[in-house]
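K.L.:
Next comes work-v7.csv, CSV, C-alpha atoms and all ligand atoms:
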```
chain,number,residue,atom,x,y,z
G,704,MET,CA,148.8,157.3,101.2
G,705,LEU,CA,145.1,158.2,100.8
G,706,SER,CA,144.8,160.7,103.7
G,707,ARG,CA,147.1,163.2,105.3
G,708,HIS,CA,147.2,166.3,107.4
G,709,VAL,CA,149.0,169.2,105.8
G,710,LYS,CA,149.8,172.7,106.9
G,711,LEU,CA,149.0,175.8,104.8
G,712,LEU,CA,151.5,178.7,104.3
G,713,ASP,CA,149.7,180.6,107.2
G,714,GLY,CA,150.0,177.6,109.5
G,715,GLU,CA,146.3,176.4,109.3
G,716,MET,CA,146.0,172.6,109.5
G,717,VAL,CA,144.0,170.9,106.8
G,718,PHE,CA,143.0,167.3,106.4
G,719,ILE,CA,143.0,165.7,102.9
G,720,ARG,CA,141.1,162.5,102.4
G,721,PRO,CA,139.2,160.6,99.6
G,722,LEU,CA,135.8,162.3,98.7
G,723,LYS,CA,132.8,160.2,99.8
G,724,PRO,CA,129.2,160.3,98.5
G,725,GLU,CA,128.0,161.8,101.9
G,726,ASP,CA,130.3,164.8,101.2
G,727,ALA,CA,127.5,166.1,98.9
G,728,ALA,CA,126.1,167.7,102.0
G,729,LEU,CA,129.3,169.9,102.3
G,730,TYR,CA,129.1,171.2,98.7
G,731,PRO,CA,126.5,174.0,99.0
G,732,ASP,CA,128.6,175.7,101.7
G,733,PHE,CA,131.8,175.2,99.8
G,734,LEU,CA,130.3,176.4,96.5
G,735,SER,CA,128.8,179.5,98.2
G,736,ASP,CA,132.4,180.6,98.5
G,737,VAL,CA,133.5,179.9,94.9
G,738,THR,CA,133.2,182.8,92.5
G,739,MET,CA,131.6,182.6,89.0
G,740,PRO,CA,135.0,183.3,87.4
G,741,ASP,CA,136.6,180.4,89.4
G,742,LEU,CA,133.7,178.1,88.3
G,743,ARG,CA,134.5,179.0,84.7
G,744,LEU,CA,138.2,178.3,85.2
G,745,ARG,CA,137.2,174.9,86.5
G,746,PHE,CA,134.3,173.9,84.3
G,747,PHE,CA,135.2,175.9,81.2
G,748,SER,CA,131.7,177.4,80.9
G,749,VAL,CA,129.9,180.2,82.5
G,750,MET,CA,127.7,178.9,85.3
G,751,ARG,CA,125.9,180.7,88.0
G,752,GLU,CA,125.7,177.7,90.2
G,753,VAL,CA,126.5,174.0,90.3
G,754,SER,CA,123.3,172.0,90.1
G,755,PRO,CA,122.4,169.3,92.7
G,756,GLU,CA,122.6,166.8,89.8
G,757,LEU,CA,126.2,167.8,89.0
G,758,ILE,CA,127.1,167.6,92.7
G,759,ASP,CA,125.6,164.1,92.8
G,760,LYS,CA,127.6,163.1,89.8
G,761,LEU,CA,130.8,164.6,91.3
G,762,VAL,CA,130.6,162.7,94.5
G,763,HIS,CA,129.5,159.4,92.9
G,764,TYR,CA,132.6,158.7,90.9
G,765,ASP,CA,133.6,155.2,89.9
G,766,PRO,CA,136.5,154.3,92.2
G,767,ALA,CA,137.7,151.8,89.6
G,768,HIS,CA,138.4,154.6,87.1
G,769,ALA,CA,138.6,157.8,89.2
G,770,MET,CA,139.7,159.2,92.5
G,771,ALA,CA,138.9,162.5,94.2
G,772,PHE,CA,140.3,164.1,97.3
G,773,ILE,CA,138.6,166.6,99.5
G,774,ALA,CA,140.4,169.1,101.9
G,775,LEU,CA,138.7,169.9,105.2
G,776,ASP,CA,139.5,172.5,107.9
G,777,THR,CA,139.5,171.5,111.6
G,778,ASP,CA,135.8,172.3,111.8
G,779,GLY,CA,135.0,170.0,108.9
G,780,HIS,CA,134.3,172.7,106.3
G,781,MET,CA,135.1,171.7,102.8
G,782,LEU,CA,138.0,173.9,101.5
G,783,GLY,CA,138.7,172.3,98.1
G,784,VAL,CA,138.6,169.2,95.9
G,785,VAL,CA,140.9,167.7,93.4
G,786,ARG,CA,140.0,164.8,91.1
G,787,LEU,CA,141.7,162.4,88.7
G,788,HIS,CA,139.9,160.4,86.0
G,789,ASP,CA,141.7,157.6,84.3
G,790,ASP,CA,141.6,157.7,80.5
G,791,ASP,CA,140.6,154.7,78.4
G,792,SER,CA,144.2,153.4,78.2
G,793,GLY,CA,144.4,153.2,82.0
G,794,ASP,CA,147.9,154.7,81.8
G,795,ALA,CA,147.0,158.3,82.3
G,796,GLY,CA,144.6,160.3,84.4
G,797,GLU,CA,143.1,163.8,83.8
G,798,PHE,CA,142.9,166.1,86.8
G,799,ALA,CA,140.7,169.0,87.9
G,800,ILE,CA,140.9,171.1,91.0
G,801,LEU,CA,138.7,173.8,92.7
G,802,LEU,CA,139.2,175.7,96.0
G,803,ARG,CA,137.2,178.2,98.0
G,804,SER,CA,138.0,181.4,96.2
G,805,HIS,CA,139.0,183.3,99.4
G,806,LEU,CA,141.6,180.6,100.1
G,807,LYS,CA,143.5,181.0,96.9
G,808,GLY,CA,147.2,181.8,97.4
G,809,HIS,CA,147.5,180.0,100.8
G,810,GLY,CA,149.3,177.0,99.4
G,811,LEU,CA,146.3,174.6,99.4
G,812,GLY,CA,146.2,174.1,95.6
G,813,TRP,CA,149.9,173.2,95.6
G,814,LEU,CA,149.5,170.7,98.5
G,815,MET,CA,146.4,169.1,96.8
G,816,MET,CA,148.1,168.8,93.5
G,817,LYS,CA,151.1,167.1,95.2
G,818,HIS,CA,148.7,164.7,97.0
G,819,MET,CA,147.0,163.8,93.8
G,820,ILE,CA,150.3,163.3,91.9
G,821,ALA,CA,151.6,161.1,94.7
G,822,TYR,CA,148.4,159.0,94.5
G,823,ALA,CA,148.7,158.7,90.7
G,824,LYS,CA,152.3,157.5,91.0
G,825,GLU,CA,151.5,155.0,93.7
G,826,HIS,CA,148.5,153.9,91.7
G,827,GLY,CA,150.7,153.0,88.7
G,828,LEU,CA,149.7,155.7,86.3
G,829,ARG,CA,152.3,156.8,83.8
G,830,THR,CA,151.0,160.3,83.2
G,831,VAL,CA,148.8,163.0,84.8
G,832,ARG,CA,147.2,165.4,82.3
G,833,GLY,CA,145.0,168.4,82.5
G,834,GLN,CA,143.4,171.2,80.5
G,835,VAL,CA,143.9,174.7,81.6
G,836,LEU,CA,142.5,177.9,80.1
G,837,VAL,CA,145.3,180.1,78.8
G,838,GLU,CA,144.3,183.0,81.1
G,839,ASN,CA,144.6,180.8,84.2
G,840,THR,CA,148.2,182.0,84.8
G,841,THR,CA,148.2,180.9,88.4
G,842,MET,CA,147.4,177.3,87.5
G,843,LEU,CA,149.8,177.3,84.5
G,844,GLN,CA,152.6,178.6,86.7
G,845,MET,CA,151.9,176.1,89.4
G,846,CYS,CA,151.9,173.2,86.9
G,847,GLU,CA,155.2,174.4,85.5
G,848,GLU,CA,156.7,174.5,89.1
G,849,LEU,CA,155.3,170.9,89.6
G,850,GLY,CA,157.1,169.7,86.5
G,851,PHE,CA,154.3,169.6,84.0
G,852,HIS,CA,155.0,170.2,80.3
G,853,SER,CA,152.5,172.4,78.6
G,854,ALA,CA,151.4,172.9,75.0
G,855,THR,CA,148.7,174.8,73.2
G,856,ASP,CA,145.8,172.6,72.1
G,857,PRO,CA,145.8,173.0,68.2
G,858,ASP,CA,142.0,172.4,68.2
G,859,GLU,CA,141.3,174.8,71.1
G,860,PRO,CA,143.7,177.8,71.1
G,861,GLY,CA,142.2,179.1,74.4
G,862,VAL,CA,143.3,175.9,76.2
G,863,LYS,CA,146.7,174.6,77.2
G,864,ARG,CA,147.2,170.9,77.7
G,865,VAL,CA,149.5,170.2,80.6
G,866,GLU,CA,151.2,166.8,81.1
G,867,LEU,CA,153.4,165.3,83.8
G,868,PRO,CA,155.2,162.1,83.0
G,869,LEU,CA,155.3,160.4,86.4
G,870,ALA,CA,158.6,158.8,85.7
G,871,GLU,CA,160.1,162.3,86.0
G,872,VAL,CA,158.7,162.7,89.5
G,873,SER,CA,160.6,161.5,92.5
G,874,GLU,CA,158.6,160.2,95.5
G,875,GLU,CA,160.5,162.6,97.8
G,876,ALA,CA,159.3,165.6,95.7
G,877,MET,CA,155.7,164.7,96.3
G,878,ALA,CA,156.1,163.8,100.0
C,901,LIG,C1,144.3,177.2,90.5
C,901,LIG,C2,144.2,176.9,92.0
C,901,LIG,C3,143.9,175.5,92.3
C,901,LIG,C4,145.6,177.3,92.7
C,901,LIG,O1,145.5,177.0,94.1
C,901,LIG,P1,146.1,178.1,95.1
C,901,LIG,O2,145.9,177.5,96.5
C,901,LIG,O3,145.5,179.4,94.9
C,901,LIG,O4,147.6,178.1,94.8
C,901,LIG,P2,148.8,178.0,95.8
C,901,LIG,O5,148.6,179.1,96.9
C,901,LIG,O6,149.0,176.6,96.3
C,901,LIG,O7,150.0,178.4,94.9
C,901,LIG,C5,150.2,179.7,94.6
C,901,LIG,C6,151.7,179.9,94.6
C,901,LIG,O8,152.5,179.4,95.6
C,901,LIG,C7,153.4,178.4,95.1
C,901,LIG,N1,153.4,177.4,96.2
C,901,LIG,C8,152.4,177.2,97.1
C,901,LIG,N2,152.9,176.4,98.0
C,901,LIG,C9,154.2,176.1,97.8
C,901,LIG,C10,155.2,175.3,98.4
C,901,LIG,N3,154.9,174.6,99.5
C,901,LIG,N4,156.4,175.2,97.8
C,901,LIG,C11,156.6,175.9,96.7
C,901,LIG,N5,155.8,176.7,96.1
C,901,LIG,C12,154.5,176.8,96.6
C,901,LIG,C13,152.7,178.0,93.9
C,901,LIG,O9,153.6,177.4,92.9
C,901,LIG,C14,152.3,179.4,93.4
C,901,LIG,O10,153.4,180.2,93.0
C,901,LIG,P3,153.4,181.8,93.1
C,901,LIG,O11,153.3,182.2,94.5
C,901,LIG,O12,154.7,182.1,92.5
C,901,LIG,O13,152.2,182.2,92.2
C,901,LIG,C15,143.1,177.8,92.7
C,901,LIG,O14,143.5,179.2,92.5
C,901,LIG,C16,141.7,177.6,92.1
C,901,LIG,O15,140.9,176.8,92.7
C,901,LIG,N6,141.3,178.3,91.1
C,901,LIG,C17,140.0,178.2,90.5
C,901,LIG,C18,139.8,176.9,89.7
C,901,LIG,C19,140.9,176.6,88.8
C,901,LIG,O16,141.5,177.4,88.2
C,901,LIG,N7,141.1,175.3,88.7
C,901,LIG,C20,142.1,174.8,87.8
C,901,LIG,C21,141.4,174.2,86.6
C,901,LIG,S1,142.6,173.3,85.6
```
Step by step, read the file and then write its structure as structure tokens.
Ligand SMILES: CC(C)(COP(=O)(O)OP(=O)(O)OC[C@H]1O[C@@H](n2cnc3c(N)ncnc32)[C@H](O)[C@@H]1OP(=O)(O)O)[C@@H](O)C(=O)NCCC(=O)NCCS
P.N.:
Amino acid sequence: MLSRHVKLLDGEMVFIRPLKPEDAALYPDFLSDVTMPDLRLRFFSVMREVSPELIDKLVHYDPAHAMAFIALDTDGHMLGVVRLHDDDSGDAGEFAILLRSHLKGHGLGWLMMKHMIAYAKEHGLRTVRGQVLVENTTMLQMCEELGFHSATDPDEPGVKRVELPLAEVSEEAMA
């Protein structure tokens, strides 16, 4: 399933669908509500703003090797984005996720991760992987609850590598 309506913990309805190039127009408003610390948790580097060039790159992903889903409220505002890029083997995908900072803790991250994992399983991937900064305890806890295994990266002690073997995931769990 590529698109679906979901309900946040506070009852707000949200639409999740594939990200399209024209969604570049929604990014400035979205990013105006993302704090610098959250940008660092997502991009692993201190950045004051996301450049138009990077936005252009983010929305023009190659659908043969990547997928991205956007979450929208009922007024069409962008609330978050989760992406999945296949690795060279084609067996695994690496995810990244970012939400409006004021929306954190409302259950959207959980629902977007589940949507991405269900897509990865349907798409025939064997593994979903990610890199998470060690201080990103919310993300690490959420990954653990979603069934990811985690290990410290020996080359980068500040980063945890999380990995979810999709054979361990039931379709009902991601519904
Ligand atoms: C990390 C991030 C995506 C998490 O999203 P979020 O919407 O804040 O998280 P949620 O509200 O979905 O989940 C928070 C909690 O609810 C739990 N939860 C949410 N919905 C749930 C549900 N339906 N059933 C069970 N548990 C649920 C989560 O496991 C987590 O547990 P906790 O309450 O014990 O902490 C978000 O904070 C973010 O964008 N951060 C900045 C960027 C970032 O860190 N990206 C990750 C880079 S790898």
K.L.:
If I take CA of Ser706 in chain G and CA of Gly812 in chain G, how far is one from the other in Å, to one decimal?
P.N.:
15.7 Å
K.L.:
I want to know what sits within 7 Å of His788 in chain G, based on all atoms listed in the file, with residues of the same chain fewer than 3 positions away left out; could you give that as a list in words?
P.N.:
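Here the answer would be His768, Ala769, Met770, Gly796, Glu797 and Phe798 of chain G.
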K.L.:
Identify, on the basis of all atoms listed in the file, every residue whose closest approach to His763 in chain G does not exceed 12 Å; exclude the query and any residue fewer than 3 positions from it along the same chain; express the result as a ChimeraX atom specification.
P.N.:
/G:721-727,756-760,766-771,786
K.L.:
So, with only C-alpha atoms and all ligand atoms as the atoms that count, which of G:Leu802, G:Ala878, G:Leu729, G:Ala854 lies closest to ligand LIG 901 (chain C)?
P.N.:
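Checking each of G:Leu802, G:Ala878, G:Leu729, G:Ala854 against ligand LIG 901 (chain C), counting only C-alpha atoms and all ligand atoms, the winner is G:Leu802.
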K.L.:
Near range 710-715 of chain G, within 12 Å and counting only C-alpha atoms, which residues show up once chain neighbours fewer than 2 positions away are dropped, as a list in words?
P.N.:
Arg707, His708, Val717, Phe718, Ile719, Ala774, Leu775, Asp776, Thr777, Asp778, Leu782, Leu806, Lys807, Gly808, His809, Gly810, Leu811, Gly812, Trp813, Leu814 and Met815 of chain G
K.L.:
As lines of an AutoDock Vina configuration file, please: the centre and edge lengths in Å, to one decimal, of an axis-aligned box enclosing every listed atom of range 712-715 of chain G with 4 Å added on each side.
P.N.:
```
center_x = 148.9
center_y = 178.5
center_z = 106.9
size_x = 13.2
size_y = 12.2
size_z = 13.2
```
K.L.:
Please tabulate, as a Markdown table, the residues of chain G that come within 9 Å of ligand LIG 901 (chain C), each with its closest pair of atoms and the distance in Å to one decimal, counting all atoms listed in the file and ordering rows by chain, then residue number upward.
P.N.:
```
| residue | atom | partner | partner_atom | distance |
| --- | --- | --- | --- | --- |
| G:Leu711 | CA | C:LIG901 | N2 | 7.9 |
| G:Leu712 | CA | C:LIG901 | N2 | 6.9 |
| G:Val737 | CA | C:LIG901 | C17 | 8.0 |
| G:Thr738 | CA | C:LIG901 | C17 | 8.4 |
| G:Pro740 | CA | C:LIG901 | C17 | 7.8 |
| G:Asp741 | CA | C:LIG901 | C17 | 4.2 |
| G:Leu742 | CA | C:LIG901 | C18 | 6.4 |
| G:Arg743 | CA | C:LIG901 | C18 | 7.6 |
| G:Leu744 | CA | C:LIG901 | O16 | 4.5 |
| G:Arg745 | CA | C:LIG901 | C21 | 4.3 |
| G:Phe746 | CA | C:LIG901 | C21 | 7.5 |
| G:Phe747 | CA | C:LIG901 | C21 | 8.4 |
| G:Gly783 | CA | C:LIG901 | O15 | 7.4 |
| G:Val784 | CA | C:LIG901 | O15 | 8.6 |
| G:Val785 | CA | C:LIG901 | C3 | 8.4 |
| G:Phe798 | CA | C:LIG901 | S1 | 7.3 |
| G:Ala799 | CA | C:LIG901 | S1 | 5.2 |
| G:Ile800 | CA | C:LIG901 | N7 | 4.8 |
| G:Leu801 | CA | C:LIG901 | O15 | 3.7 |
| G:Leu802 | CA | C:LIG901 | O15 | 3.9 |
| G:Arg803 | CA | C:LIG901 | O15 | 6.6 |
| G:Ser804 | CA | C:LIG901 | O15 | 6.5 |
| G:His805 | CA | C:LIG901 | O3 | 8.8 |
| G:Leu806 | CA | C:LIG901 | O2 | 6.4 |
| G:Lys807 | CA | C:LIG901 | O3 | 3.2 |
| G:Gly808 | CA | C:LIG901 | O5 | 3.1 |
| G:His809 | CA | C:LIG901 | O5 | 4.2 |
| G:Gly810 | CA | C:LIG901 | O6 | 3.1 |
| G:Leu811 | CA | C:LIG901 | O2 | 4.1 |
| G:Gly812 | CA | C:LIG901 | O1 | 3.3 |
| G:Trp813 | CA | C:LIG901 | O6 | 3.6 |
| G:Leu814 | CA | C:LIG901 | O6 | 6.3 |
| G:Met815 | CA | C:LIG901 | O6 | 8.0 |
| G:Met816 | CA | C:LIG901 | C3 | 8.0 |
| G:Gly833 | CA | C:LIG901 | S1 | 6.3 |
| G:Gln834 | CA | C:LIG901 | S1 | 5.6 |
| G:Val835 | CA | C:LIG901 | S1 | 4.4 |
| G:Leu836 | CA | C:LIG901 | S1 | 7.2 |
| G:Asn839 | CA | C:LIG901 | O16 | 6.1 |
| G:Thr840 | CA | C:LIG901 | C1 | 8.4 |
| G:Thr841 | CA | C:LIG901 | O13 | 5.7 |
| G:Met842 | CA | C:LIG901 | C1 | 4.3 |
| G:Leu843 | CA | C:LIG901 | C1 | 8.1 |
| G:Gln844 | CA | C:LIG901 | O9 | 6.4 |
| G:Met845 | CA | C:LIG901 | O9 | 4.1 |
| G:Cys846 | CA | C:LIG901 | O9 | 7.5 |
| G:Glu847 | CA | C:LIG901 | O9 | 8.1 |
| G:Glu848 | CA | C:LIG901 | O9 | 5.7 |
| G:Leu849 | CA | C:LIG901 | O9 | 7.5 |
```
K.L.:
One number please: CA of Ser873 in chain G to CA of His826 in chain G, in Å, one decimal.
P.N.:
14.3 Å
K.L.:
For CA of Ala795 in chain G and CA of Tyr730 in chain G, quote the distance in Å rounded to one decimal.
P.N.:
27.5 Å
K.L.:
Which of these, G:Met877, G:Phe851, G:Ser735, G:Ala870, has the shortest distance to Tyr822 in chain G once you count only C-alpha atoms?
P.N.:
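Checking each candidate against Tyr822 in chain G, we get G:Met877 as the closest.
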K.L.:
Would you kindly return, as a list in words, each protein, DNA or RNA residue with an atom no farther than 12 Å from any atom of Glu871 in chain G, considering only C-alpha atoms and excluding same-chain residues fewer than 6 positions away?
P.N.:
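So, after excluding close chain neighbours, the residues are Ile820, Lys824, Arg829, Thr830, Val831, Leu849, Gly850, Phe851, His852 and Met877 of chain G.
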K.L.:
With distances taken over all atoms listed in the file, which residue among G:Glu866, G:Asp732, G:Asp858, G:Glu752 lies nearest Arg832 in chain G?
P.N.:
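Looking only at the distances to Arg832 in chain G, the closest residue turns out to be G:Glu866.
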K.L.:
Could you give me, as a PyMOL selection string, the residues that have an atom at most 9 Å away from the point (147.0, 175.4, 73.8) in the coordinates of the file, using all atoms listed in the file?
P.N.:
chain G and resi 834-837+853-865
K.L.:
Can you take the partial range 778-796 of chain G, add N, CA and C atoms, and return it as an mmCIF file, in the frame of the given file?
P.N.:
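Output file result_33.cif follows:
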```cif
data_model
loop_
_atom_site.group_PDB
_atom_site.id
_atom_site.type_symbol
_atom_site.label_atom_id
_atom_site.label_comp_id
_atom_site.auth_asym_id
_atom_site.auth_seq_id
_atom_site.Cartn_x
_atom_site.Cartn_y
_atom_site.Cartn_z
ATOM 1 N N ASP G 778 137.228 172.359 111.470
ATOM 2 C CA ASP G 778 135.800 172.300 111.800
ATOM 3 C C ASP G 778 134.992 171.489 110.828
ATOM 4 N N GLY G 779 135.676 170.850 109.888
ATOM 5 C CA GLY G 779 135.000 170.000 108.900
ATOM 6 C C GLY G 779 134.409 170.684 107.726
ATOM 7 N N HIS G 780 134.755 171.969 107.530
ATOM 8 C CA HIS G 780 134.300 172.700 106.300
ATOM 9 C C HIS G 780 135.123 172.228 105.121
ATOM 10 N N MET G 781 134.437 172.066 104.007
ATOM 11 C CA MET G 781 135.100 171.700 102.800
ATOM 12 C C MET G 781 135.859 172.907 102.196
ATOM 13 N N LEU G 782 137.170 172.734 101.949
ATOM 14 C CA LEU G 782 138.000 173.900 101.500
ATOM 15 C C LEU G 782 138.328 173.710 99.980
ATOM 16 N N GLY G 783 138.345 172.466 99.497
ATOM 17 C CA GLY G 783 138.700 172.300 98.100
ATOM 18 C C GLY G 783 138.591 170.818 97.706
ATOM 19 N N VAL G 784 138.703 170.582 96.425
ATOM 20 C CA VAL G 784 138.600 169.200 95.900
ATOM 21 C C VAL G 784 139.473 169.081 94.661
ATOM 22 N N VAL G 785 140.153 167.954 94.574
ATOM 23 C CA VAL G 785 140.900 167.700 93.400
ATOM 24 C C VAL G 785 140.529 166.270 92.907
ATOM 25 N N ARG G 786 140.373 166.102 91.600
ATOM 26 C CA ARG G 786 140.000 164.800 91.100
ATOM 27 C C ARG G 786 140.852 164.339 89.964
ATOM 28 N N LEU G 787 140.804 163.034 89.733
ATOM 29 C CA LEU G 787 141.700 162.400 88.700
ATOM 30 C C LEU G 787 140.854 161.301 88.079
ATOM 31 N N HIS G 788 140.643 161.424 86.776
ATOM 32 C CA HIS G 788 139.900 160.400 86.000
ATOM 33 C C HIS G 788 140.775 159.681 85.071
ATOM 34 N N ASP G 789 140.848 158.371 85.174
ATOM 35 C CA ASP G 789 141.700 157.600 84.300
ATOM 36 C C ASP G 789 141.159 157.735 82.840
ATOM 37 N N ASP G 790 142.089 157.738 81.877
ATOM 38 C CA ASP G 790 141.600 157.700 80.500
ATOM 39 C C ASP G 790 141.412 156.266 80.055
ATOM 40 N N ASP G 791 141.004 156.072 78.798
ATOM 41 C CA ASP G 791 140.600 154.700 78.400
ATOM 42 C C ASP G 791 141.801 153.747 78.410
ATOM 43 N N SER G 792 143.019 154.261 78.208
ATOM 44 C CA SER G 792 144.200 153.400 78.200
ATOM 45 C C SER G 792 144.485 152.839 79.606
ATOM 46 N N GLY G 793 144.043 153.562 80.623
ATOM 47 C CA GLY G 793 144.400 153.200 82.000
ATOM 48 C C GLY G 793 145.758 153.615 82.417
ATOM 49 N N ASP G 794 146.501 154.235 81.499
ATOM 50 C CA ASP G 794 147.900 154.700 81.800
ATOM 51 C C ASP G 794 147.950 156.107 82.291
ATOM 52 N N ALA G 795 146.924 156.872 81.991
ATOM 53 C CA ALA G 795 147.000 158.300 82.300
ATOM 54 C C ALA G 795 145.691 158.722 83.012
ATOM 55 N N GLY G 796 145.819 159.804 83.771
ATOM 56 C CA GLY G 796 144.600 160.300 84.400
ATOM 57 C C GLY G 796 144.549 161.832 84.166
#
```
